[in-house]
file target.cif (mmCIF, C-alpha atoms (C1' of nucleotides))
data_coords
#
loop_
_atom_site.group_PDB
_atom_site.id
_atom_site.type_symbol
_atom_site.label_atom_id
_atom_site.label_comp_id
_atom_site.auth_asym_id
_atom_site.auth_seq_id
_atom_site.Cartn_x
_atom_site.Cartn_y
_atom_site.Cartn_z
ATOM 1 C CA MET A 15 77.599 201.688 189.194
ATOM 2 C CA PRO A 16 80.652 203.898 189.121
ATOM 3 C CA GLU A 17 79.965 207.575 189.616
ATOM 4 C CA LEU A 18 82.421 210.233 190.714
ATOM 5 C CA PRO A 19 83.188 208.821 194.197
ATOM 6 C CA GLU A 20 83.808 205.348 192.813
ATOM 7 C CA VAL A 21 86.168 206.590 190.123
ATOM 8 C CA GLU A 22 87.937 208.829 192.642
ATOM 9 C CA CYS A 23 88.495 205.856 194.943
ATOM 10 C CA LEU A 24 89.704 203.823 191.981
ATOM 11 C CA ALA A 25 92.137 206.564 190.934
ATOM 12 C CA ARG A 26 93.588 206.709 194.450
ATOM 13 C CA ALA A 27 93.976 202.950 194.664
ATOM 14 C CA VAL A 28 95.524 202.576 191.218
ATOM 15 C CA ARG A 29 97.864 205.477 191.993
ATOM 16 C CA GLU A 30 99.152 203.594 195.047
ATOM 17 C CA GLU A 31 99.345 200.209 193.391
ATOM 18 C CA THR A 32 101.249 201.431 190.370
ATOM 19 C CA ARG A 33 103.602 203.900 192.018
ATOM 20 C CA GLY A 34 107.069 203.637 190.517
ATOM 21 C CA CYS A 35 105.932 201.303 187.753
ATOM 22 C CA ARG A 36 106.246 201.212 184.013
ATOM 23 C CA PHE A 37 103.940 199.526 181.538
ATOM 24 C CA THR A 38 105.445 196.429 179.980
ATOM 25 C CA GLY A 39 102.464 195.282 177.966
ATOM 26 C CA VAL A 40 98.807 195.662 177.104
ATOM 27 C CA ASN A 41 96.762 192.666 176.051
ATOM 28 C CA PHE A 42 93.502 193.235 174.191
ATOM 29 C CA LEU A 43 91.123 190.305 174.452
ATOM 30 C CA ARG A 44 88.616 191.981 172.186
ATOM 31 C CA PRO A 45 88.894 195.007 169.908
ATOM 32 C CA ASP A 46 85.894 197.009 171.076
ATOM 33 C CA LEU A 47 83.939 198.141 174.119
ATOM 34 C CA ARG A 48 81.400 200.894 173.442
ATOM 35 C CA GLU A 49 83.386 201.615 170.336
ATOM 36 C CA PRO A 50 86.519 200.158 168.751
ATOM 37 C CA MET A 51 89.664 200.808 170.805
ATOM 38 C CA PRO A 52 92.637 202.442 169.074
ATOM 39 C CA VAL A 53 94.937 199.575 169.943
ATOM 40 C CA ASP A 54 98.105 200.988 168.401
ATOM 41 C CA ALA A 55 97.641 204.423 169.975
ATOM 42 C CA ILE A 56 97.048 202.854 173.385
ATOM 43 C CA LYS A 57 100.110 200.630 173.104
ATOM 44 C CA SER A 58 102.355 203.439 171.979
ATOM 45 C CA ALA A 59 101.159 205.654 174.830
ATOM 46 C CA LEU A 60 101.786 202.970 177.447
ATOM 47 C CA VAL A 61 104.085 200.083 176.569
ATOM 48 C CA GLY A 62 107.642 200.713 177.680
ATOM 49 C CA ALA A 63 106.669 204.017 179.274
ATOM 50 C CA ASN A 64 107.038 205.131 182.876
ATOM 51 C CA LEU A 65 103.914 205.974 184.809
ATOM 52 C CA ARG A 66 103.672 209.650 185.653
ATOM 53 C CA SER A 67 100.257 210.109 187.248
ATOM 54 C CA VAL A 68 96.854 208.587 187.750
ATOM 55 C CA ARG A 69 94.079 211.162 187.875
ATOM 56 C CA ARG A 70 90.337 211.506 187.516
ATOM 57 C CA ARG A 71 88.390 213.959 185.378
ATOM 58 C CA SER A 72 84.636 213.567 185.699
ATOM 59 C CA LYS A 73 84.133 209.803 185.602
ATOM 60 C CA TYR A 74 87.176 209.274 183.409
ATOM 61 C CA LEU A 75 90.381 207.756 184.736
ATOM 62 C CA LEU A 76 93.480 209.391 183.226
ATOM 63 C CA ILE A 77 96.623 207.272 183.270
ATOM 64 C CA GLU A 78 99.561 209.417 182.246
ATOM 65 C CA THR A 79 102.970 208.125 181.199
ATOM 66 C CA ASP A 80 105.931 209.903 179.680
ATOM 67 C CA ARG A 81 104.666 208.846 176.258
ATOM 68 C CA GLY A 82 100.992 209.687 176.524
ATOM 69 C CA THR A 83 97.779 209.376 178.472
ATOM 70 C CA ALA A 84 95.242 206.568 178.499
ATOM 71 C CA ILE A 85 91.657 207.713 179.023
ATOM 72 C CA LEU A 86 89.421 205.057 180.540
ATOM 73 C CA HIS A 87 85.735 205.072 181.421
ATOM 74 C CA LEU A 88 84.078 202.257 183.373
ATOM 75 C CA GLY A 89 80.669 202.810 181.840
ATOM 76 C CA MET A 90 78.177 201.404 184.241
ATOM 77 C CA SER A 91 79.457 197.912 184.872
ATOM 78 C CA GLY A 92 83.211 198.334 184.479
ATOM 79 C CA GLN A 93 85.892 197.337 186.967
ATOM 80 C CA LEU A 94 89.639 197.772 186.955
ATOM 81 C CA LEU A 95 90.974 194.943 189.071
ATOM 82 C CA SER A 96 94.485 194.451 190.370
ATOM 83 C CA MET A 97 95.505 190.850 189.720
ATOM 84 C CA ASP A 98 98.545 188.605 189.842
ATOM 85 C CA SER A 99 97.406 186.660 186.810
ATOM 86 C CA PRO A 100 98.360 187.647 183.268
ATOM 87 C CA ASP A 101 95.345 185.693 182.030
ATOM 88 C CA PRO A 102 91.698 186.622 182.379
ATOM 89 C CA VAL A 103 90.185 185.267 185.589
ATOM 90 C CA LYS A 104 86.744 186.808 185.216
ATOM 91 C CA THR A 105 84.381 186.621 182.288
ATOM 92 C CA HIS A 106 84.166 189.815 180.243
ATOM 93 C CA THR A 107 87.794 190.708 180.841
ATOM 94 C CA HIS A 108 88.586 192.843 177.804
ATOM 95 C CA VAL A 109 91.976 194.468 178.394
ATOM 96 C CA ILE A 110 94.885 193.458 180.637
ATOM 97 C CA PHE A 111 97.612 195.971 181.462
ATOM 98 C CA GLU A 112 100.988 194.641 182.569
ATOM 99 C CA LEU A 113 103.229 196.739 184.827
ATOM 100 C CA ARG A 114 106.585 196.226 186.519
ATOM 101 C CA ARG A 115 108.538 198.174 189.054
ATOM 102 C CA LYS A 116 111.085 200.424 187.396
ATOM 103 C CA ASP A 117 113.950 199.306 189.670
ATOM 104 C CA SER A 118 113.267 195.594 189.336
ATOM 105 C CA SER A 119 116.646 194.736 187.905
ATOM 106 C CA ALA A 120 118.463 196.749 190.571
ATOM 107 C CA ALA A 121 116.763 195.021 193.477
ATOM 108 C CA PRO A 122 115.878 191.500 192.402
ATOM 109 C CA GLN A 123 115.152 190.317 195.960
ATOM 110 C CA ASN A 124 112.765 193.204 196.540
ATOM 111 C CA ASP A 125 109.518 192.199 194.841
ATOM 112 C CA GLY A 126 111.798 191.643 191.874
ATOM 113 C CA GLY A 127 110.521 191.713 188.343
ATOM 114 C CA LYS A 128 107.222 190.216 189.363
ATOM 115 C CA PRO A 129 104.691 191.969 187.156
ATOM 116 C CA LYS A 130 101.382 193.389 188.268
ATOM 117 C CA TYR A 131 98.287 193.224 186.109
ATOM 118 C CA LEU A 132 95.301 195.503 185.880
ATOM 119 C CA HIS A 133 92.288 193.760 184.379
ATOM 120 C CA PHE A 134 89.631 195.894 182.711
ATOM 121 C CA VAL A 135 86.432 193.903 183.156
ATOM 122 C CA ASP A 136 83.146 195.238 181.796
ATOM 123 C CA PRO A 137 80.192 192.871 181.245
ATOM 124 C CA ARG A 138 77.917 195.454 179.661
ATOM 125 C CA ARG A 139 80.679 197.044 177.612
ATOM 126 C CA PHE A 140 79.474 200.610 178.145
ATOM 127 C CA GLY A 141 83.042 201.448 179.091
ATOM 128 C CA ARG A 142 85.547 203.064 176.778
ATOM 129 C CA LEU A 143 89.278 203.290 176.408
ATOM 130 C CA THR A 144 91.516 205.422 174.260
ATOM 131 C CA ALA A 145 94.878 207.166 174.485
ATOM 132 C CA VAL A 146 96.555 210.345 173.299
ATOM 133 C CA PRO A 147 100.277 211.056 172.792
ATOM 134 C CA ALA A 148 102.294 213.086 175.301
ATOM 135 C CA GLY A 149 101.840 216.791 174.855
ATOM 136 C CA THR A 150 98.192 216.558 173.854
ATOM 137 C CA ASP A 151 95.961 219.138 175.488
ATOM 138 C CA LEU A 152 93.465 216.896 177.263
ATOM 139 C CA SER A 153 90.954 219.688 177.717
ATOM 140 C CA THR A 154 90.357 219.682 173.958
ATOM 141 C CA HIS A 155 89.825 215.935 173.724
ATOM 142 C CA PRO A 156 86.327 215.109 172.420
ATOM 143 C CA TRP A 157 85.552 213.032 175.504
ATOM 144 C CA LEU A 158 86.557 215.793 177.902
ATOM 145 C CA SER A 159 86.054 219.103 176.133
ATOM 146 C CA LYS A 160 82.368 219.606 176.897
ATOM 147 C CA LEU A 161 82.490 218.731 180.564
ATOM 148 C CA GLY A 162 81.358 221.117 183.289
ATOM 149 C CA PRO A 163 83.315 221.904 186.452
ATOM 150 C CA GLU A 164 84.413 219.385 189.063
ATOM 151 C CA PRO A 165 81.980 219.798 191.977
ATOM 152 C CA LEU A 166 84.654 219.142 194.596
ATOM 153 C CA GLU A 167 87.279 221.428 193.109
ATOM 154 C CA ILE A 168 85.357 224.684 193.435
ATOM 155 C CA THR A 169 83.762 226.261 196.491
ATOM 156 C CA ALA A 170 80.137 225.558 197.347
ATOM 157 C CA ASP A 171 79.332 229.191 196.607
ATOM 158 C CA ALA A 172 80.952 229.038 193.188
ATOM 159 C CA LEU A 173 79.109 225.805 192.415
ATOM 160 C CA ALA A 174 75.823 227.343 193.571
ATOM 161 C CA GLU A 175 76.272 230.445 191.408
ATOM 162 C CA HIS A 176 77.230 228.280 188.450
ATOM 163 C CA LEU A 177 74.134 226.083 188.800
ATOM 164 C CA TRP A 178 71.862 229.051 189.346
ATOM 165 C CA ARG A 179 73.163 230.921 186.309
ATOM 166 C CA LYS A 180 73.078 227.885 184.010
ATOM 167 C CA SER A 181 69.575 226.946 185.098
ATOM 168 C CA ARG A 182 67.849 230.249 184.336
ATOM 169 C CA GLY A 183 65.081 229.714 181.829
ATOM 170 C CA ARG A 184 65.373 225.947 181.864
ATOM 171 C CA LYS A 185 62.065 224.148 182.100
ATOM 172 C CA PRO A 186 63.230 220.516 182.563
ATOM 173 C CA ALA A 187 63.499 219.060 186.028
ATOM 174 C CA VAL A 188 66.359 219.948 188.349
ATOM 175 C CA LYS A 189 67.335 216.290 188.713
ATOM 176 C CA PRO A 190 68.350 215.671 185.078
ATOM 177 C CA PHE A 191 69.817 219.186 185.117
ATOM 178 C CA ILE A 192 72.379 218.363 187.807
ATOM 179 C CA MET A 193 73.087 215.026 186.109
ATOM 180 C CA ASP A 194 74.031 216.794 182.876
ATOM 181 C CA GLY A 195 77.802 216.504 182.539
ATOM 182 C CA ALA A 196 77.931 219.731 180.572
ATOM 183 C CA VAL A 197 76.506 221.509 183.634
ATOM 184 C CA VAL A 198 78.514 219.813 186.364
ATOM 185 C CA VAL A 199 80.312 216.473 186.253
ATOM 186 C CA GLY A 200 80.132 213.445 188.475
ATOM 187 C CA VAL A 201 76.566 213.662 189.764
ATOM 188 C CA GLY A 202 75.129 210.378 188.569
ATOM 189 C CA ASN A 203 71.743 208.863 189.179
ATOM 190 C CA ILE A 204 72.361 207.704 192.742
ATOM 191 C CA TYR A 205 73.939 210.889 194.054
ATOM 192 C CA ALA A 206 71.470 213.170 192.256
ATOM 193 C CA SER A 207 68.585 211.708 194.235
ATOM 194 C CA GLU A 208 70.618 211.740 197.432
ATOM 195 C CA SER A 209 71.749 215.351 197.019
ATOM 196 C CA LEU A 210 68.235 216.602 196.316
ATOM 197 C CA TYR A 211 66.948 214.736 199.341
ATOM 198 C CA LEU A 212 69.590 216.294 201.560
ATOM 199 C CA ALA A 213 68.789 219.733 200.136
ATOM 200 C CA GLY A 214 65.039 219.270 200.608
ATOM 201 C CA ILE A 215 64.319 219.992 196.947
ATOM 202 C CA ARG A 216 61.881 217.933 194.889
ATOM 203 C CA PRO A 217 63.632 216.350 191.901
ATOM 204 C CA GLY A 218 60.753 217.209 189.559
ATOM 205 C CA ARG A 219 60.957 220.979 190.099
ATOM 206 C CA ALA A 220 61.844 222.901 186.939
ATOM 207 C CA ALA A 221 65.557 223.708 187.144
ATOM 208 C CA GLY A 222 64.871 227.320 186.242
ATOM 209 C CA ARG A 223 62.427 227.726 189.128
ATOM 210 C CA VAL A 224 64.832 226.598 191.842
ATOM 211 C CA THR A 225 65.929 229.736 193.674
ATOM 212 C CA ARG A 226 69.435 231.028 194.155
ATOM 213 C CA GLN A 227 69.230 230.266 197.851
ATOM 214 C CA GLU A 228 68.074 226.718 197.136
ATOM 215 C CA TYR A 229 71.022 226.217 194.781
ATOM 216 C CA ARG A 230 73.314 227.275 197.627
ATOM 217 C CA ILE A 231 71.844 224.515 199.769
ATOM 218 C CA LEU A 232 71.953 222.066 196.872
ATOM 219 C CA ALA A 233 75.592 222.837 196.080
ATOM 220 C CA GLN A 234 76.468 222.147 199.717
ATOM 221 C CA ALA A 235 74.449 218.932 199.603
ATOM 222 C CA ILE A 236 76.204 217.727 196.445
ATOM 223 C CA GLN A 237 79.598 218.297 198.039
ATOM 224 C CA THR A 238 78.528 216.645 201.285
ATOM 225 C CA VAL A 239 77.113 213.586 199.551
ATOM 226 C CA LEU A 240 80.032 213.110 197.154
ATOM 227 C CA GLY A 241 82.557 213.679 199.947
ATOM 228 C CA ALA A 242 80.875 211.189 202.259
ATOM 229 C CA ALA A 243 80.646 208.637 199.473
ATOM 230 C CA ILE A 244 84.372 208.950 198.771
ATOM 231 C CA GLU A 245 85.053 208.537 202.500
ATOM 232 C CA ALA A 246 82.967 205.365 202.501
ATOM 233 C CA GLY A 247 84.789 203.985 199.478
ATOM 234 C CA GLY A 248 81.878 204.509 197.112
ATOM 235 C CA THR A 249 78.586 202.731 196.662
ATOM 236 C CA SER A 250 78.649 199.109 195.567
ATOM 237 C CA PHE A 251 75.062 198.989 194.453
ATOM 238 C CA ARG A 252 75.212 196.412 191.716
ATOM 239 C CA ASP A 253 78.483 195.867 189.937
ATOM 240 C CA TYR A 254 81.042 198.211 191.359
ATOM 241 C CA LEU A 255 84.142 196.791 193.032
ATOM 242 C CA HIS A 256 87.406 198.377 194.137
ATOM 243 C CA SER A 257 90.554 197.445 192.297
ATOM 244 C CA ASP A 258 91.287 194.941 195.093
ATOM 245 C CA GLY A 259 87.854 193.372 194.646
ATOM 246 C CA SER A 260 86.316 194.836 197.816
ATOM 247 C CA GLU A 261 83.068 196.777 197.986
ATOM 248 C CA GLY A 262 82.315 200.350 198.945
ATOM 249 C CA SER A 263 80.022 200.901 201.905
ATOM 250 C CA TYR A 264 78.116 204.057 201.001
ATOM 251 C CA ALA A 265 75.061 201.952 200.122
ATOM 252 C CA LEU A 266 74.490 201.768 203.886
ATOM 253 C CA GLN A 267 74.115 205.546 204.044
ATOM 254 C CA LEU A 268 71.684 205.932 201.147
ATOM 255 C CA ASN A 269 68.608 207.857 202.284
ATOM 256 C CA VAL A 270 66.312 207.459 199.300
ATOM 257 C CA TYR A 271 68.013 205.697 196.378
ATOM 258 C CA GLY A 272 66.541 202.239 195.893
ATOM 259 C CA ARG A 273 64.316 202.667 198.981
ATOM 260 C CA SER A 274 60.974 203.003 197.227
ATOM 261 C CA GLY A 275 58.148 202.424 199.704
ATOM 262 C CA GLU A 276 60.465 202.332 202.700
ATOM 263 C CA ALA A 277 60.233 204.917 205.468
ATOM 264 C CA CYS A 278 62.004 208.246 205.097
ATOM 265 C CA ARG A 279 64.723 208.350 207.744
ATOM 266 C CA LYS A 280 63.603 211.809 208.871
ATOM 267 C CA CYS A 281 59.799 211.759 208.799
ATOM 268 C CA LEU A 282 58.923 208.106 208.197
ATOM 269 C CA SER A 283 56.800 208.900 205.109
ATOM 270 C CA PRO A 284 57.220 206.282 202.390
ATOM 271 C CA VAL A 285 59.979 207.112 199.918
ATOM 272 C CA ARG A 286 58.470 207.769 196.507
ATOM 273 C CA GLU A 287 59.768 206.736 193.112
ATOM 274 C CA THR A 288 59.342 208.502 189.791
ATOM 275 C CA ARG A 289 61.248 208.733 186.520
ATOM 276 C CA HIS A 290 63.122 211.481 184.726
ATOM 277 C CA LEU A 291 64.361 210.778 181.209
ATOM 278 C CA ASN A 292 63.672 207.133 181.897
ATOM 279 C CA ARG A 293 65.847 207.016 184.996
ATOM 280 C CA ALA A 294 64.641 206.044 188.429
ATOM 281 C CA THR A 295 64.334 208.962 190.831
ATOM 282 C CA TYR A 296 63.661 208.679 194.547
ATOM 283 C CA PHE A 297 62.462 211.356 196.969
ATOM 284 C CA CYS A 298 60.485 212.025 200.114
ATOM 285 C CA GLY A 299 57.230 213.783 199.282
ATOM 286 C CA ALA A 300 57.070 215.282 202.769
ATOM 287 C CA CYS A 301 60.660 216.462 203.316
ATOM 288 C CA GLN A 302 61.315 217.751 199.797
ATOM 289 C CA LYS A 303 59.511 220.846 198.536
ATOM 290 C "C1'" DC B 7 69.882 227.007 170.670
ATOM 291 C "C1'" DT B 8 67.520 223.400 174.068
ATOM 292 C "C1'" DT B 9 65.350 219.113 174.839
ATOM 293 C "C1'" DT B 10 64.163 214.282 174.353
ATOM 294 C "C1'" DA B 11 64.127 209.498 172.586
ATOM 295 C "C1'" DG B 12 66.600 205.639 171.369
ATOM 296 C "C1'" DG B 13 70.583 202.635 171.139
ATOM 297 C "C1'" DC B 14 74.450 200.349 172.998
ATOM 298 C "C1'" DC B 15 75.158 195.733 176.150
ATOM 299 C "C1'" DT B 16 74.636 191.700 179.477
ATOM 300 C "C1'" DG B 17 73.017 189.832 183.789
ATOM 301 C "C1'" DA B 18 69.545 189.670 187.277
ATOM 302 C "C1'" DC B 19 65.027 188.976 188.262
ATOM 303 C "C1'" DG B 20 59.946 188.114 188.135
ATOM 304 C "C1'" DG B 21 56.132 185.745 186.085
ATOM 305 C "C1'" DC B 22 54.499 181.722 184.227
ATOM 306 C "C1'" DT C 23 63.466 173.794 185.289
ATOM 307 C "C1'" DG C 24 63.653 177.268 181.591
ATOM 308 C "C1'" DC C 25 61.930 180.780 178.678
ATOM 309 C "C1'" DC C 26 60.819 185.547 177.917
ATOM 310 C "C1'" DG C 27 60.212 190.324 178.904
ATOM 311 C "C1'" DT C 28 61.833 194.094 181.597
ATOM 312 C "C1'" DC C 29 65.087 196.768 183.874
ATOM 313 C "C1'" DA C 30 69.569 198.763 185.126
ATOM 314 C "C1'" DG C 31 72.137 203.443 183.237
ATOM 315 C "C1'" DG C 32 76.469 206.804 181.267
ATOM 316 C "C1'" DC C 33 77.042 208.736 177.210
ATOM 317 C "C1'" DC C 34 76.418 209.307 172.434
ATOM 318 C "C1'" DT C 35 73.735 210.550 168.189
ATOM 319 C "C1'" DA C 36 69.716 211.871 165.774
ATOM 320 C "C1'" DA C 37 65.888 214.422 165.510
ATOM 321 C "C1'" DA C 38 62.242 217.460 167.090
#

call {"tool": "encode", "arguments": {"input": "target.cif", "output": "structure tokens"}}
result
Amino acid sequence: MPELPEVECLARAVREETRGCRFTGVNFLRPDLREPMPVDAIKSALVGANLRSVRRRSKYLLIETDRGTAILHLGMSGQLLSMDSPDPVKTHTHVIFELRRKDSSAAPQNDGGKPKYLHFVDPRRFGRLTAVPAGTDLSTHPWLSKLGPEPLEITADALAEHLWRKSRGRKPAVKPFIMDGAVVVGVGNIYASESLYLAGIRPGRAAGRVTRQEYRILAQAIQTVLGAAIEAGGTSFRDYLHSDGSEGSYALQLNVYGRSGEACRKCLSPVRETRHLNRATYFCGACQK
DNA sequence: CTTTAGGCCTGACGGC
DNA sequence: TGCCGTCAGGCCTAAA
């Protein structure tokens, strides 16, 4: 499932694939994902417009043109696949973006006017897509305005202080606390368990009782885990695929996630499984205090 | 204010 | 072989 590293890898790949392109069409195969898509707003932000940038904020992909910005979320089963076909080739293809190189008419022998297509595929339809016109302040957009800081764009110390301050007086467990996008973005279910394992902190500890020093270690662990996952191209645990259809390899480095009953890689104790807010949580009862 | 439960959605999987 | 229940989970809303 796409978390921060997966979306970061996707943003980088799409940035490369669409460099120097303009949108020449958007085809909606159904009108809604999680919610209805504002078809006209999306078309007017993209069609006929030159691509300016492809960025990531939290788990949102931001596709900016000179007319506006499309905001896309993969939900938990979404993929954005680079295809040659203008027609859906996978089931649950919901939106197909058409792009062409800007200089296609000037250099017809050079990849010519052959269009590229990005297929937004999302079986579970937890994904979402919208767009805003150029000049809109994205930080005030309802989808983005309540988000916490990017964990890889501040120092480990700043992240640690932030987590420590925000957690004071909070009784719920530290694991759902670091997964709360209003606290810090991008730490999804997989990487929350992995970060807490690396930091040696039990996921069930009350967030407000984790010490300042422990948050320093945890902040480091979050950055280490997310950074390594990006390096590995993300985790293809169930549905996630790169835009070229390949899989990320971070699943091979997972220490606890999905390893219930298997031996801890450090101490060989069986990895334990519990739940927080109905989400699977994995930890080593011996290594994590 | 903080916190939690439930809903969205489909495919995979286990039990029978 | 197929049916049925359960689970997966990011993010939202409602409600406590």

call {"tool": "interface_residues", "arguments": {"input": "target.cif", "of": "chain C", "to": "chain A", "cutoff": "12 Å", "atoms": "only C-alpha atoms (C1' of nucleotides)", "output": "ChimeraX atom specification"}}
result
/C:29-34

call {"tool": "resolve_selection", "arguments": {"input": "target.cif", "expression": "the PyMOL selection byres ((chain B and resi 11) around 9)", "output": "mmCIF file with C-alpha atoms (C1' of nucleotides), keeping the file's coordinate frame"}}
result
data_model
loop_
_atom_site.group_PDB
_atom_site.id
_atom_site.type_symbol
_atom_site.label_atom_id
_atom_site.label_comp_id
_atom_site.auth_asym_id
_atom_site.auth_seq_id
_atom_site.Cartn_x
_atom_site.Cartn_y
_atom_site.Cartn_z
ATOM 1 C CA LEU A 291 64.361 210.778 181.209
ATOM 2 C "C1'" DT B 10 64.163 214.282 174.353
ATOM 3 C "C1'" DG B 12 66.600 205.639 171.369
ATOM 4 C "C1'" DA C 37 65.888 214.422 165.510
#

call {"tool": "resolve_selection", "arguments": {"input": "target.cif", "expression": "the PyMOL selection byres ((chain B) within 12 of (chain A))", "output": "list in words"}}
result
DT8, DT9, DT10, DA11, DG12, DG13, DC14, DC15, DT16, DG17 and DA18 of chain B

call {"tool": "write_last_selection", "arguments": {"input": "target.cif", "atoms": "C-alpha atoms (C1' of nucleotides)", "output": "PDB file, in the frame of the given file"}}
result
ATOM      1  C1'  DT B   8      67.520 223.400 174.068  1.00  0.00           C
ATOM      2  C1'  DT B   9      65.350 219.113 174.839  1.00  0.00           C
ATOM      3  C1'  DT B  10      64.163 214.282 174.353  1.00  0.00           C
ATOM      4  C1'  DA B  11      64.127 209.498 172.586  1.00  0.00           C
ATOM      5  C1'  DG B  12      66.600 205.639 171.369  1.00  0.00           C
ATOM      6  C1'  DG B  13      70.583 202.635 171.139  1.00  0.00           C
ATOM      7  C1'  DC B  14      74.450 200.349 172.998  1.00  0.00           C
ATOM      8  C1'  DC B  15      75.158 195.733 176.150  1.00  0.00           C
ATOM      9  C1'  DT B  16      74.636 191.700 179.477  1.00  0.00           C
ATOM     10  C1'  DG B  17      73.017 189.832 183.789  1.00  0.00           C
ATOM     11  C1'  DA B  18      69.545 189.670 187.277  1.00  0.00           C
TER      12       DA B  18
END

call {"tool": "resolve_selection", "arguments": {"input": "target.cif", "expression": "the PyMOL selection byres ((chain A and resi 45) around 12)", "output": "VMD selection string"}}
result
chain A and resid 41 to 44 46 to 54 56 107 to 109 139 142 to 144

call {"tool": "axis_aligned_box", "arguments": {"input": "target.cif", "around": "stretch 72-91 of chain A", "padding_each_side": "4 Å", "output": "AutoDock Vina command-line options"}}
result
--center_x 92.1 --center_y 205.7 --center_z 181.0 --size_x 35.8 --size_y 23.7 --size_z 17.4

call {"tool": "residues_around", "arguments": {"input": "target.cif", "residues": "stretch 181-183 of chain A", "least_positions_apart": "5", "cutoff": "10 Å", "atoms": "all atoms listed in the file", "output": "number ranges by chain"}}
result
A: 175-176, 188, 191-192, 197, 220-226, 229

call {"tool": "atom_distance", "arguments": {"input": "target.cif", "atom1": "atom CA of A:Arg29", "atom2": "atom CA of A:Leu158"}}
result
20.8 Å

call {"tool": "atom_distance", "arguments": {"input": "target.cif", "atom1": "atom CA of A:Thr288", "atom2": "atom CA of A:Gly218"}}
result
8.8 Å

call {"tool": "atom_distance", "arguments": {"input": "target.cif", "atom1": "atom CA of A:Arg81", "atom2": "atom CA of A:Leu132"}}
result
18.9 Å

call {"tool": "build_atoms", "arguments": {"input": "target.cif", "residues": "stretch 193-208 of chain A", "atoms": "N, CA and C atoms", "output": "CSV table (one decimal), in the coordinates of the input"}}
result
chain,number,residue,atom,x,y,z
A,193,MET,N,72.4,216.2,186.6
A,193,MET,CA,73.1,215.0,186.1
A,193,MET,C,73.7,215.3,184.8
A,194,ASP,N,73.5,216.5,184.2
A,194,ASP,CA,74.0,216.8,182.9
A,194,ASP,C,75.5,217.1,183.0
A,195,GLY,N,76.4,216.3,182.4
A,195,GLY,CA,77.8,216.5,182.5
A,195,GLY,C,78.3,217.8,182.0
A,196,ALA,N,77.5,218.4,181.1
A,196,ALA,CA,77.9,219.7,180.6
A,196,ALA,C,77.7,220.8,181.6
A,197,VAL,N,76.8,220.5,182.6
A,197,VAL,CA,76.5,221.5,183.6
A,197,VAL,C,77.5,221.3,184.8
A,198,VAL,N,77.6,220.1,185.3
A,198,VAL,CA,78.5,219.8,186.4
A,198,VAL,C,78.8,218.3,186.2
A,199,VAL,N,80.0,217.9,186.5
A,199,VAL,CA,80.3,216.5,186.3
A,199,VAL,C,80.2,215.7,187.5
A,200,GLY,N,80.0,214.4,187.4
A,200,GLY,CA,80.1,213.4,188.5
A,200,GLY,C,78.9,213.2,189.3
A,201,VAL,N,77.8,213.9,189.0
A,201,VAL,CA,76.6,213.7,189.8
A,201,VAL,C,75.7,212.7,189.0
A,202,GLY,N,75.9,211.4,189.3
A,202,GLY,CA,75.1,210.4,188.6
A,202,GLY,C,73.8,210.1,189.2
A,203,ASN,N,73.1,209.1,188.8
A,203,ASN,CA,71.7,208.9,189.2
A,203,ASN,C,71.6,208.7,190.7
A,204,ILE,N,72.5,207.9,191.3
A,204,ILE,CA,72.4,207.7,192.7
A,204,ILE,C,72.5,209.0,193.5
A,205,TYR,N,73.6,209.7,193.2
A,205,TYR,CA,73.9,210.9,194.1
A,205,TYR,C,73.1,212.1,193.7
A,206,ALA,N,72.4,212.1,192.6
A,206,ALA,CA,71.5,213.2,192.3
A,206,ALA,C,70.3,213.1,193.2
A,207,SER,N,69.7,211.9,193.3
A,207,SER,CA,68.6,211.7,194.2
A,207,SER,C,69.0,212.0,195.7
A,208,GLU,N,70.2,211.5,196.1
A,208,GLU,CA,70.6,211.7,197.4
A,208,GLU,C,70.9,213.2,197.7
